[in-house]
>>> print(open('run-v4.cif').read())   # mmCIF, C-alpha atoms
data_protein
#
loop_
_atom_site.label_atom_id
_atom_site.label_comp_id
_atom_site.auth_asym_id
_atom_site.auth_seq_id
_atom_site.Cartn_x
_atom_site.Cartn_y
_atom_site.Cartn_z
CA MET A 1 0.31 -59.73 4.25
CA LEU A 2 -0.65 -56.50 6.09
CA ASP A 3 3.00 -55.81 6.95
CA GLU A 4 3.94 -56.16 3.27
CA LEU A 5 1.15 -53.81 2.25
CA ILE A 6 2.25 -51.20 4.82
CA SER A 7 5.91 -51.39 3.79
CA PHE A 8 4.81 -51.10 0.16
CA LEU A 9 2.81 -47.94 0.97
CA VAL A 10 5.71 -46.50 2.99
CA ALA A 11 8.04 -47.14 0.05
CA MET A 12 5.52 -45.43 -2.21
CA LYS A 13 5.35 -42.44 0.16
CA ASP A 14 9.15 -42.15 0.25
CA GLN A 15 9.14 -41.78 -3.51
CA THR A 16 6.79 -38.78 -3.35
CA GLY A 17 7.58 -35.27 -2.20
CA LEU A 18 5.46 -35.59 0.96
CA GLU A 19 8.51 -36.63 2.97
CA HIS A 20 10.17 -33.25 2.37
CA LEU A 21 7.14 -30.96 2.49
CA TRP A 22 7.49 -28.31 5.24
CA TRP A 23 5.53 -25.22 6.31
CA GLY A 24 7.76 -22.93 4.22
CA ASN A 25 6.57 -24.67 1.05
CA LEU A 26 2.97 -24.13 2.11
CA VAL A 27 3.60 -20.42 2.72
CA MET A 28 5.17 -20.05 -0.74
CA ILE A 29 2.31 -22.00 -2.35
CA ALA A 30 -0.08 -19.57 -0.64
CA ILE A 31 1.96 -16.65 -2.05
CA GLY A 32 1.76 -18.22 -5.52
CA ILE A 33 -2.02 -18.57 -5.20
CA ALA A 34 -2.23 -14.93 -3.98
CA MET A 35 -0.32 -13.79 -7.10
CA ILE A 36 -2.74 -15.61 -9.38
CA TYR A 37 -5.65 -14.14 -7.38
CA LEU A 38 -4.27 -10.58 -7.78
CA ALA A 39 -3.79 -11.15 -11.50
CA VAL A 40 -7.21 -12.67 -12.16
CA VAL A 41 -9.42 -10.71 -9.76
CA LYS A 42 -7.58 -7.39 -9.30
CA ARG A 43 -5.99 -7.40 -12.78
CA TYR A 44 -2.53 -6.51 -11.33
CA GLU A 45 0.05 -7.29 -14.06
CA PRO A 46 -1.71 -10.52 -15.17
CA LEU A 47 0.82 -11.23 -17.92
CA LEU A 48 3.52 -11.52 -15.27
CA LEU A 49 1.81 -12.69 -12.11
CA VAL A 50 -0.01 -15.73 -13.53
CA GLY A 51 3.21 -17.36 -14.77
CA ILE A 52 5.23 -16.35 -11.72
CA GLY A 53 2.52 -17.52 -9.33
CA PHE A 54 2.07 -20.89 -11.03
CA SER A 55 5.77 -21.71 -11.24
CA CYS A 56 6.20 -20.53 -7.62
CA ILE A 57 3.60 -23.12 -6.60
CA ILE A 58 5.23 -25.88 -8.65
CA SER A 59 8.77 -25.11 -7.46
CA ASN A 60 7.56 -25.50 -3.88
CA VAL A 61 6.25 -28.99 -4.44
CA PRO A 62 9.10 -31.15 -3.11
CA GLY A 63 10.30 -33.64 -5.67
CA SER A 64 9.27 -31.60 -8.69
CA ASP A 65 11.86 -32.26 -11.36
CA LEU A 66 10.97 -29.20 -13.38
CA ILE A 67 13.43 -26.96 -11.52
CA LEU A 68 16.29 -29.48 -11.63
CA PRO A 69 18.76 -29.80 -14.53
CA GLY A 70 16.81 -31.53 -17.30
CA GLY A 71 13.53 -29.85 -16.27
CA LEU A 72 11.94 -27.19 -18.45
CA PHE A 73 11.81 -24.54 -15.68
CA HIS A 74 15.54 -25.03 -15.15
CA TYR A 75 16.23 -24.20 -18.80
CA ALA A 76 13.91 -21.20 -18.62
CA TYR A 77 16.03 -19.96 -15.72
CA GLN A 78 19.18 -20.55 -17.77
CA GLY A 79 17.79 -18.12 -20.35
CA VAL A 80 17.73 -15.47 -17.64
CA ALA A 81 21.00 -16.54 -16.01
CA LEU A 82 22.86 -16.41 -19.31
CA LEU A 83 21.36 -12.94 -19.94
CA VAL A 84 19.57 -13.95 -23.12
CA ILE A 85 16.03 -13.10 -21.99
CA PRO A 86 16.42 -9.48 -20.68
CA PRO A 87 17.84 -8.11 -23.98
CA LEU A 88 15.07 -9.88 -25.90
CA ILE A 89 12.46 -8.21 -23.68
CA PHE A 90 14.01 -4.85 -24.52
CA PHE A 91 13.91 -5.82 -28.20
CA GLY A 92 10.15 -6.30 -27.97
CA VAL A 93 9.69 -3.14 -25.90
CA GLY A 94 11.63 -1.12 -28.49
CA ALA A 95 9.39 -2.42 -31.26
CA MET A 96 6.27 -1.19 -29.47
CA THR A 97 7.57 2.14 -28.12
CA ASP A 98 7.16 5.59 -29.63
CA PHE A 99 10.20 7.66 -28.61
CA GLY A 100 8.68 10.78 -30.21
CA PRO A 101 7.85 12.49 -26.87
CA MET A 102 11.46 12.12 -25.74
CA ILE A 103 12.89 13.45 -29.00
CA ALA A 104 10.40 16.33 -29.10
CA ASN A 105 11.20 17.69 -25.63
CA PRO A 106 14.87 17.01 -24.84
CA ARG A 107 14.99 19.36 -21.83
CA LEU A 108 12.77 16.91 -19.90
CA VAL A 109 15.26 14.09 -20.50
CA VAL A 110 17.28 15.08 -17.42
CA LEU A 111 14.31 14.03 -15.26
CA GLY A 112 15.15 10.47 -16.29
CA ALA A 113 18.25 10.72 -14.10
CA ALA A 114 16.82 12.95 -11.36
CA ALA A 115 14.21 10.33 -10.49
CA HIS A 116 16.86 7.73 -9.76
CA LEU A 117 18.02 8.97 -6.38
CA GLY A 118 16.04 6.05 -4.96
CA ILE A 119 18.62 3.64 -6.43
CA PHE A 120 21.32 5.13 -4.24
CA VAL A 121 19.17 5.47 -1.12
CA ALA A 122 18.40 1.74 -1.34
CA LEU A 123 22.05 0.95 -2.11
CA LEU A 124 23.25 2.81 0.99
CA GLY A 125 20.47 1.30 3.08
CA ALA A 126 21.42 -2.21 1.94
CA LYS A 127 25.07 -1.60 2.70
CA ALA A 128 24.18 -0.27 6.16
CA LEU A 129 22.19 -3.48 6.77
CA GLY A 130 25.27 -5.58 6.06
CA PHE A 131 24.84 -6.61 2.42
CA THR A 132 27.99 -6.72 0.31
CA LEU A 133 28.51 -3.82 -2.09
CA HIS A 134 27.61 -6.05 -5.06
CA GLU A 135 24.40 -7.14 -3.35
CA ALA A 136 23.62 -3.54 -2.34
CA GLY A 137 24.07 -2.41 -5.96
CA ALA A 138 21.67 -5.08 -7.19
CA ILE A 139 19.11 -4.13 -4.51
CA GLY A 140 19.51 -0.44 -5.34
CA ILE A 141 18.67 -1.00 -8.99
CA ILE A 142 15.11 -1.95 -7.92
CA GLY A 143 14.69 1.83 -7.66
CA GLY A 144 15.21 2.08 -11.41
CA ALA A 145 11.73 0.53 -11.77
CA ASP A 146 12.83 -1.35 -14.84
CA GLY A 147 12.29 -5.12 -14.61
CA PRO A 148 14.67 -6.38 -17.33
CA MET A 149 17.41 -3.97 -16.19
CA ALA A 150 16.98 -5.09 -12.56
CA ILE A 151 17.33 -8.72 -13.68
CA PHE A 152 20.33 -7.91 -15.87
CA ILE A 153 22.23 -6.01 -13.16
CA THR A 154 21.31 -8.58 -10.49
CA MET A 155 22.61 -11.46 -12.62
CA LYS A 156 25.89 -9.58 -12.99
CA LEU A 157 26.25 -8.53 -9.34
CA ALA A 158 24.35 -10.92 -7.08
CA PRO A 159 22.58 -13.73 -8.98
CA HIS A 160 21.55 -15.45 -5.73
CA LEU A 161 19.23 -12.48 -5.01
CA LEU A 162 17.34 -12.76 -8.32
CA PRO A 163 14.05 -14.09 -6.89
CA GLN A 164 13.76 -11.42 -4.20
CA ILE A 165 14.84 -8.53 -6.44
CA SER A 166 12.74 -9.47 -9.46
CA VAL A 167 9.63 -10.09 -7.37
CA ALA A 168 10.13 -6.78 -5.48
CA ALA A 169 10.76 -4.83 -8.72
CA TYR A 170 7.77 -6.21 -10.61
CA SER A 171 5.46 -6.04 -7.57
CA TYR A 172 6.23 -2.38 -6.90
CA MET A 173 5.90 -1.54 -10.60
CA ALA A 174 2.40 -3.03 -10.48
CA LEU A 175 1.66 -1.05 -7.33
CA MET A 176 2.95 2.32 -8.60
CA PRO A 177 -0.57 3.80 -8.89
CA LEU A 178 -0.79 3.33 -5.11
CA ILE A 179 2.82 4.18 -4.16
CA GLN A 180 3.48 7.36 -6.15
CA PRO A 181 0.44 9.70 -5.79
CA PRO A 182 0.79 10.42 -2.03
CA VAL A 183 4.44 11.46 -2.53
CA MET A 184 3.58 13.53 -5.62
CA LYS A 185 0.79 15.37 -3.82
CA LEU A 186 2.87 15.92 -0.71
CA LEU A 187 5.64 17.66 -2.66
CA THR A 188 3.54 19.80 -5.02
CA SER A 189 0.99 22.55 -4.60
CA ARG A 190 -2.40 22.54 -6.33
CA GLN A 191 -1.24 25.33 -8.63
CA GLU A 192 1.84 23.34 -9.64
CA ARG A 193 -0.24 20.28 -10.46
CA ARG A 194 -2.48 22.42 -12.65
CA ILE A 195 0.35 23.69 -14.86
CA VAL A 196 -0.55 23.02 -18.49
CA MET A 197 2.27 21.97 -20.79
CA LYS A 198 2.76 23.60 -24.16
CA GLN A 199 2.18 21.38 -27.18
CA THR A 200 5.45 19.90 -28.47
CA ARG A 201 6.76 20.01 -32.03
CA THR A 202 6.20 17.29 -34.60
CA VAL A 203 9.00 14.73 -34.83
CA THR A 204 9.87 13.75 -38.39
CA ARG A 205 10.43 10.24 -39.71
CA LEU A 206 14.12 11.01 -40.32
CA GLU A 207 14.59 11.92 -36.64
CA ARG A 208 12.77 8.77 -35.55
CA ILE A 209 15.07 6.63 -37.70
CA ALA A 210 18.20 8.47 -36.57
CA PHE A 211 17.29 8.13 -32.87
CA PRO A 212 17.96 4.39 -32.37
CA ILE A 213 21.13 4.55 -34.46
CA VAL A 214 22.57 7.52 -32.54
CA ILE A 215 21.59 6.16 -29.11
CA GLY A 216 22.88 2.68 -30.00
CA PHE A 217 26.22 4.24 -30.93
CA ILE A 218 26.45 6.38 -27.76
CA VAL A 219 25.50 3.57 -25.39
CA ASN A 220 27.91 1.05 -26.91
CA LEU A 221 30.68 3.65 -26.84
CA PHE A 222 30.22 4.82 -23.25
CA PHE A 223 28.35 2.04 -21.44
CA PRO A 224 29.43 -1.34 -22.83
CA PRO A 225 28.33 -3.26 -19.67
CA VAL A 226 24.65 -2.47 -20.31
CA ALA A 227 24.90 -2.13 -24.09
CA PRO A 228 23.15 -5.46 -24.85
CA LEU A 229 19.89 -4.18 -23.38
CA ILE A 230 19.82 -0.71 -24.93
CA THR A 231 21.16 -2.00 -28.24
CA MET A 232 18.29 -4.47 -28.53
CA LEU A 233 15.82 -1.76 -27.43
CA MET A 234 17.11 0.42 -30.24
CA LEU A 235 17.09 -2.41 -32.82
CA GLY A 236 13.45 -3.13 -32.00
CA ASN A 237 12.66 0.57 -32.34
CA LEU A 238 14.53 0.82 -35.62
CA PHE A 239 12.43 -2.05 -37.02
CA LYS A 240 9.35 -0.10 -35.95
CA GLU A 241 10.37 3.26 -37.37
CA VAL A 242 12.01 2.46 -40.71
CA GLY A 243 8.66 1.48 -42.17
CA VAL A 244 10.03 -1.35 -44.33
CA THR A 245 10.32 -4.08 -41.68
CA GLU A 246 6.77 -4.09 -40.42
CA ARG A 247 6.68 -7.89 -40.20
CA LEU A 248 9.75 -8.01 -37.98
CA ALA A 249 8.52 -5.18 -35.76
CA LYS A 250 5.14 -6.89 -35.32
CA THR A 251 6.81 -10.21 -34.49
CA ALA A 252 9.13 -8.57 -31.95
CA ALA A 253 6.28 -6.64 -30.33
CA ASN A 254 3.76 -9.49 -30.25
CA GLY A 255 4.72 -13.14 -30.83
CA LEU A 256 8.33 -12.97 -29.65
CA MET A 257 7.45 -10.74 -26.69
CA ASN A 258 4.76 -13.17 -25.55
CA VAL A 259 7.14 -16.14 -25.73
CA ILE A 260 9.78 -14.23 -23.78
CA ILE A 261 7.26 -13.20 -21.10
CA ILE A 262 6.28 -16.86 -20.63
CA ILE A 263 9.92 -17.91 -20.26
CA LEU A 264 10.72 -14.98 -17.93
CA THR A 265 7.78 -15.53 -15.59
CA VAL A 266 8.45 -19.25 -15.35
CA ALA A 267 12.13 -18.56 -14.67
CA ILE A 268 11.43 -16.05 -11.89
CA GLY A 269 8.74 -18.17 -10.24
CA SER A 270 10.94 -21.25 -10.31
CA THR A 271 13.55 -19.49 -8.16
CA MET A 272 11.04 -18.83 -5.36
CA GLU A 273 11.75 -22.01 -3.45
CA ALA A 274 10.91 -21.58 0.26
CA ARG A 275 14.37 -22.24 1.69
CA GLN A 276 15.83 -19.50 -0.52
CA PHE A 277 12.96 -17.06 -0.31
CA LEU A 278 11.70 -17.14 3.31
CA THR A 279 14.60 -15.28 4.88
CA VAL A 280 15.17 -12.02 6.75
CA LYS A 281 17.09 -10.81 3.69
CA THR A 282 13.91 -11.03 1.61
CA VAL A 283 12.05 -8.80 4.09
CA GLU A 284 14.93 -6.31 4.05
CA ILE A 285 15.01 -6.27 0.23
CA VAL A 286 11.25 -5.73 0.02
CA ILE A 287 11.46 -2.76 2.44
CA LEU A 288 14.48 -1.28 0.64
CA GLY A 289 12.69 -1.66 -2.71
CA LEU A 290 9.70 0.31 -1.42
CA LEU A 291 12.05 2.98 -0.04
CA ALA A 292 13.75 3.18 -3.44
CA PHE A 293 10.44 3.74 -5.24
CA LEU A 294 9.32 6.41 -2.74
CA CYS A 295 12.64 8.28 -2.87
CA GLY A 296 12.84 8.00 -6.68
CA THR A 297 9.38 9.53 -7.03
CA ALA A 298 10.27 12.31 -4.59
CA SER A 299 13.61 13.12 -6.26
CA GLY A 300 11.95 13.23 -9.69
CA VAL A 301 9.31 15.72 -8.51
CA LEU A 302 11.92 17.80 -6.69
CA GLY A 303 14.17 17.68 -9.78
CA ALA A 304 11.34 19.15 -11.86
CA LYS A 305 10.78 21.85 -9.22
CA ILE A 306 14.48 22.73 -9.28
CA MET A 307 14.30 22.97 -13.08
CA ASN A 308 11.40 25.39 -12.69
CA LEU A 309 13.67 27.76 -10.77
CA PHE A 310 15.64 28.28 -13.99
CA LEU A 311 12.92 27.98 -16.64
CA LYS A 312 10.83 30.88 -17.92
CA GLU A 313 8.14 28.49 -19.09
CA LYS A 314 7.39 26.34 -16.05
CA ILE A 315 6.91 22.59 -16.37
CA ASN A 316 4.38 20.57 -14.41
CA PRO A 317 6.47 18.99 -11.60
CA LEU A 318 4.35 15.83 -11.75
CA LEU A 319 6.35 15.01 -14.90
CA GLY A 320 9.37 14.42 -12.65
CA SER A 321 7.77 11.38 -11.07
CA ALA A 322 7.50 9.78 -14.52
CA GLY A 323 11.29 9.79 -14.78
CA ILE A 324 11.39 6.69 -12.60
CA ALA A 325 10.97 4.53 -15.78
CA SER A 326 8.45 1.68 -15.54
CA VAL A 327 7.06 2.57 -18.97
CA PRO A 328 4.22 3.52 -19.29
CA ILE A 329 2.87 3.08 -15.75
CA ALA A 330 4.69 6.08 -14.22
CA ALA A 331 3.61 8.36 -17.10
CA ARG A 332 0.02 7.24 -16.65
CA VAL A 333 0.18 7.93 -12.90
CA ALA A 334 1.45 11.50 -13.54
CA HIS A 335 -1.35 11.99 -16.07
CA LEU A 336 -4.05 10.74 -13.68
CA VAL A 337 -2.83 12.86 -10.75
CA ALA A 338 -2.88 15.94 -13.01
CA LEU A 339 -6.40 15.05 -14.19
CA GLU A 340 -7.61 15.02 -10.58
CA GLU A 341 -6.84 18.77 -10.41
CA ASP A 342 -7.87 19.75 -13.92
CA LYS A 343 -10.03 17.49 -16.08
CA GLU A 344 -8.60 19.00 -19.26
CA ASN A 345 -4.91 18.81 -18.41
CA TYR A 346 -3.68 15.84 -20.46
CA LEU A 347 -0.10 15.18 -19.35
CA ILE A 348 0.34 11.68 -20.78
CA TYR A 349 2.24 12.64 -23.97
CA HIS A 350 4.54 15.01 -22.08
CA ALA A 351 5.09 12.48 -19.28
CA MET A 352 6.21 9.83 -21.78
CA GLY A 353 9.36 11.90 -22.46
CA PRO A 354 10.88 11.68 -18.96
CA ASN A 355 9.36 8.20 -18.60
CA LEU A 356 11.31 6.90 -21.60
CA ALA A 357 14.39 8.85 -20.51
CA GLY A 358 14.07 6.97 -17.22
CA VAL A 359 14.85 3.74 -19.08
CA PHE A 360 18.11 5.27 -20.25
CA GLY A 361 18.69 6.77 -16.79
CA THR A 362 18.46 3.32 -15.19
CA ALA A 363 20.72 1.83 -17.88
CA ILE A 364 23.30 4.57 -17.40
CA SER A 365 23.23 4.28 -13.59
CA GLY A 366 23.54 0.49 -13.90
CA GLY A 367 26.35 0.76 -16.43
CA ILE A 368 28.33 3.18 -14.28
CA MET A 369 27.74 0.98 -11.23
CA LEU A 370 29.06 -2.12 -13.05
CA ALA A 371 32.08 -0.18 -14.26
CA LEU A 372 32.86 1.16 -10.76
CA LEU A 373 32.51 -2.33 -9.29
CA GLY A 374 34.78 -3.74 -11.99
CA VAL A 375 32.10 -6.06 -13.42
CA HIS A 376 31.70 -6.58 -17.16
CA MET B 1 36.74 -3.97 -7.51
CA ILE B 2 37.57 -0.28 -7.86
CA VAL B 3 35.39 0.86 -4.92
CA PRO B 4 36.03 -0.60 -1.43
CA ASP B 5 33.28 -2.81 0.01
CA THR B 6 32.47 -0.46 2.89
CA LEU B 7 29.73 2.04 3.71
CA GLN B 8 32.16 4.78 2.71
CA GLY B 9 32.75 2.99 -0.61
CA ALA B 10 28.99 2.71 -1.14
CA THR B 11 28.60 6.45 -0.48
CA LEU B 12 31.39 7.25 -2.92
CA LEU B 13 29.88 4.95 -5.56
CA SER B 14 26.44 6.54 -5.10
CA ILE B 15 27.73 10.10 -5.42
CA ILE B 16 29.85 9.37 -8.50
CA ASP B 17 27.14 7.28 -10.15
CA PHE B 18 24.34 9.82 -9.54
CA PHE B 19 26.46 12.74 -10.71
CA LEU B 20 27.70 10.95 -13.84
CA SER B 21 24.19 9.72 -14.66
CA ILE B 22 22.90 13.29 -14.66
CA VAL B 23 25.84 14.45 -16.79
CA MET B 24 25.38 11.62 -19.31
CA ILE B 25 21.63 11.94 -19.60
CA THR B 26 22.00 15.70 -20.00
CA ALA B 27 24.47 14.98 -22.80
CA ILE B 28 21.88 12.70 -24.45
CA GLY B 29 19.34 15.51 -24.06
CA PHE B 30 21.78 17.87 -25.76
CA VAL B 31 22.26 15.45 -28.66
CA LEU B 32 18.47 15.17 -29.00
CA SER B 33 18.17 18.96 -29.06
CA LEU B 34 20.30 18.88 -32.21
CA PHE B 35 17.94 16.45 -33.96
CA PRO B 36 15.88 19.15 -35.71
CA LEU B 37 19.07 20.00 -37.63
CA LEU B 38 18.79 16.60 -39.34
CA ASN B 39 15.72 17.84 -41.17
CA ARG B 40 17.83 20.42 -42.96
CA LEU B 41 19.76 17.59 -44.66
CA LYS B 42 16.63 16.66 -46.57
CA ARG B 43 16.12 20.16 -47.99
CA ARG B 44 17.89 21.32 -51.10
CA PRO B 45 19.68 24.67 -50.73
CA GLY B 46 17.33 27.46 -51.77
CA ALA B 47 14.27 25.20 -51.81
CA PRO B 48 11.37 26.02 -49.45
CA ALA B 49 10.93 23.76 -46.43
CA ALA B 50 8.77 20.78 -47.39
CA ARG B 51 6.13 19.43 -45.03
CA GLU B 52 7.32 16.21 -43.50
CA PRO B 53 4.82 13.35 -42.99
CA GLY B 54 5.68 13.25 -39.27
CA HIS B 55 3.30 12.07 -36.59
CA GLU B 56 2.80 12.97 -32.96
#
>>> encode(input="run-v4.cif", output="structure tokens")
Amino acid sequence: MLDELISFLVAMKDQTGLEHLWWGNLVMIAIGIAMIYLAVVKRYEPLLLVGIGFSCIISNVPGSDLILPGGLFHYAYQGVALLVIPPLIFFGVGAMTDFGPMIANPRLVVLGAAAHLGIFVALLGAKALGFTLHEAGAIGIIGGADGPMAIFITMKLAPHLLPQISVAAYSYMALMPLIQPPVMKLLTSRQERRIVMKQTRTVTRLERIAFPIVIGFIVNLFFPPVAPLITMLMLGNLFKEVGVTERLAKTAANGLMNVIIIILTVAIGSTMEARQFLTVKTVEIVILGLLAFLCGTASGVLGAKIMNLFLKEKINPLLGSAGIASVPIAARVAHLVALEEDKENYLIYHAMGPNLAGVFGTAISGGIMLALLGVH
Amino acid sequence: MIVPDTLQGATLLSIIDFFLSIVMITAIGFVLSLFPLLNRLKRRPGAPAAREPGHE
């Protein structure tokens, strides 16, 4: 009788995930809990980290069917893998973004490219560490500080690195208020940080409507590999600016965006299975991602300082750091660092120009990279 | 693949990509600098410039 009971319990145990649980799963579950802690207690990117943390925990429970074909997490991942989700995120972002600062001050647009030197530093670093050129390109794009673009380029170049790259990109974006200021202060003098920007002109409704149409045309003409993202960004913005599709713009910016964030976070977290994630490559990618953010911030500030050599009316070099994309976090960081020096120097509106240009800078760099690597 | 999968290829890709990115984004900046011209389309020849209900 006792033998039968024991064999019954052993058979029961074999049907659970306990048999396959190893220390790596426990480490990843701890990481998932830490993400939820950071989101709830420290308020670091709660919209992203709660979903990622939870699905990271679940995907590290051996035997969970959710990440296997037929499971809901698996289909969420398919949305990312088939490149449906990233363009929809851009659609929502476009519907909630005011491109006025970028249109009003076009000379600052170039900072959106200057701040992307970090992409190439990380790319070269990854190649030197032995990654393939496709993998190095995907790692480099972390320096673009643009989550959907990082996912999009990674799925095209090195889909097996999605968990590491997406987690690194979103983590560093959340940590930008800690990463950027030391570099910005190191490369600028007090006087430079106190430079007050002249008020920009008013952008008319006609210009705001023309903007998404013109940019959509240019991007599809010159950068077809990344056109889906920018096209959807521009469609969302057109809905916002035309003034006759308020319902659609509100849906894109709110309801749809929230649904997409849920699917995206679940998809990313579900790829964080211990055997894939706990590798030396992950550590290397995390370090390269940090290097990319530091170098991107530095090159943006230095780019602004180089511009000042040629401009009669000097610009505040802190604006250069906003060119790293990550809208609107980088612009807010530039604003706050300027406020530390002068309580009445409000840089936020001016910083949004290079910040938004940074989105296009990342898209252009990614598009050229895909073209040079022969990927469509 | 157009660029060889070597460190030299990665360097070449980085230089070309960074340079072209700056050129292209400068071109976008140039196009944006022409945007104020659009406002002239709305004005009738000879008519005074009307105030546009723009917003910052």
>>> closest_residue(input="run-v4.cif", among="A:Leu318, A:Ile348, A:Leu288, A:Met149", to="Arg332 in chain A", atoms="all atoms listed in the file")
A:Ile348
>>> resolve_selection(input="run-v4.cif", expression="the PyMOL selection byres ((chain B) within 8 of (chain A))", output="PDB file with C-alpha atoms, in the frame of the given file")
ATOM      1  CA  MET B   1      36.740  -3.970  -7.510  1.00  0.00           C
ATOM      2  CA  ILE B   2      37.570  -0.280  -7.860  1.00  0.00           C
ATOM      3  CA  VAL B   3      35.390   0.860  -4.920  1.00  0.00           C
ATOM      4  CA  ASP B   5      33.280  -2.810   0.010  1.00  0.00           C
ATOM      5  CA  THR B   6      32.470  -0.460   2.890  1.00  0.00           C
ATOM      6  CA  LEU B   7      29.730   2.040   3.710  1.00  0.00           C
ATOM      7  CA  ALA B  10      28.990   2.710  -1.140  1.00  0.00           C
ATOM      8  CA  THR B  11      28.600   6.450  -0.480  1.00  0.00           C
ATOM      9  CA  LEU B  13      29.880   4.950  -5.560  1.00  0.00           C
ATOM     10  CA  SER B  14      26.440   6.540  -5.100  1.00  0.00           C
ATOM     11  CA  ASP B  17      27.140   7.280 -10.150  1.00  0.00           C
ATOM     12  CA  PHE B  18      24.340   9.820  -9.540  1.00  0.00           C
ATOM     13  CA  LEU B  20      27.700  10.950 -13.840  1.00  0.00           C
ATOM     14  CA  SER B  21      24.190   9.720 -14.660  1.00  0.00           C
ATOM     15  CA  ILE B  22      22.900  13.290 -14.660  1.00  0.00           C
ATOM     16  CA  MET B  24      25.380  11.620 -19.310  1.00  0.00           C
ATOM     17  CA  ILE B  25      21.630  11.940 -19.600  1.00  0.00           C
ATOM     18  CA  THR B  26      22.000  15.700 -20.000  1.00  0.00           C
ATOM     19  CA  ILE B  28      21.880  12.700 -24.450  1.00  0.00           C
ATOM     20  CA  GLY B  29      19.340  15.510 -24.060  1.00  0.00           C
ATOM     21  CA  PHE B  30      21.780  17.870 -25.760  1.00  0.00           C
ATOM     22  CA  LEU B  32      18.470  15.170 -29.000  1.00  0.00           C
ATOM     23  CA  SER B  33      18.170  18.960 -29.060  1.00  0.00           C
ATOM     24  CA  PHE B  35      17.940  16.450 -33.960  1.00  0.00           C
ATOM     25  CA  PRO B  36      15.880  19.150 -35.710  1.00  0.00           C
ATOM     26  CA  LEU B  38      18.790  16.600 -39.340  1.00  0.00           C
ATOM     27  CA  ASN B  39      15.720  17.840 -41.170  1.00  0.00           C
ATOM     28  CA  GLU B  52       7.320  16.210 -43.500  1.00  0.00           C
ATOM     29  CA  PRO B  53       4.820  13.350 -42.990  1.00  0.00           C
ATOM     30  CA  GLY B  54       5.680  13.250 -39.270  1.00  0.00           C
ATOM     31  CA  HIS B  55       3.300  12.070 -36.590  1.00  0.00           C
ATOM     32  CA  GLU B  56       2.800  12.970 -32.960  1.00  0.00           C
TER      33      GLU B  56
END
>>> atom_distance(input="run-v4.cif", atom1="CA of Leu18 in chain A", atom2="CA of Ile57 in chain A")
14.7 Å
>>> resolve_selection(input="run-v4.cif", expression="the PyMOL selection byres ((chain A and resi 271) around 12)", output="ChimeraX atom specification")
/A:28,52-60,66-68,73-78,80-81,159-167,264-270,272-278
>>> atom_distance(input="run-v4.cif", atom1="CA of Leu233 in chain A", atom2="CA of Phe91 in chain A")
4.6 Å
>>> atom_distance(input="run-v4.cif", atom1="CA of Ile141 in chain A", atom2="CA of Ile153 in chain A")
7.4 Å
>>> axis_aligned_box(input="run-v4.cif", around="range 206-219 of chain A", padding_each_side="8 Å", output="AutoDock Vina command-line options")
--center_x 19.6 --center_y 7.3 --center_z -32.9 --size_x 29.7 --size_y 25.2 --size_z 30.9
>>> resolve_selection(input="run-v4.cif", expression="the PyMOL selection byres ((chain A and resi 351) around 7)", output="PyMOL selection string")
chain A and resi 319+322+331+334+347-350+352-355
>>> residues_near_point(input="run-v4.cif", point="(-1.8, 22.3, -25.5)", cutoff="10 Å", atoms="only C-alpha atoms", output="MDAnalysis selection string")
chainID A and resid 196:200 344:347
>>> residues_around(input="run-v4.cif", residues="range 171-176 of chain A", least_positions_apart="6", cutoff="9 Å", atoms="only C-alpha atoms", output="list in words")
Tyr44, Glu45, Leu49, Ile142, Ala145, Asp146, Gly147, Gly289, Leu290, Phe293, Ser326, Ile329, Ala330 and Val333 of chain A
>>> residues_around(input="run-v4.cif", residues="Ala249 in chain A", least_positions_apart="4", cutoff="7 Å", atoms="all atoms listed in the file", output="ChimeraX atom specification")
/A:95,236,239-240,245,253
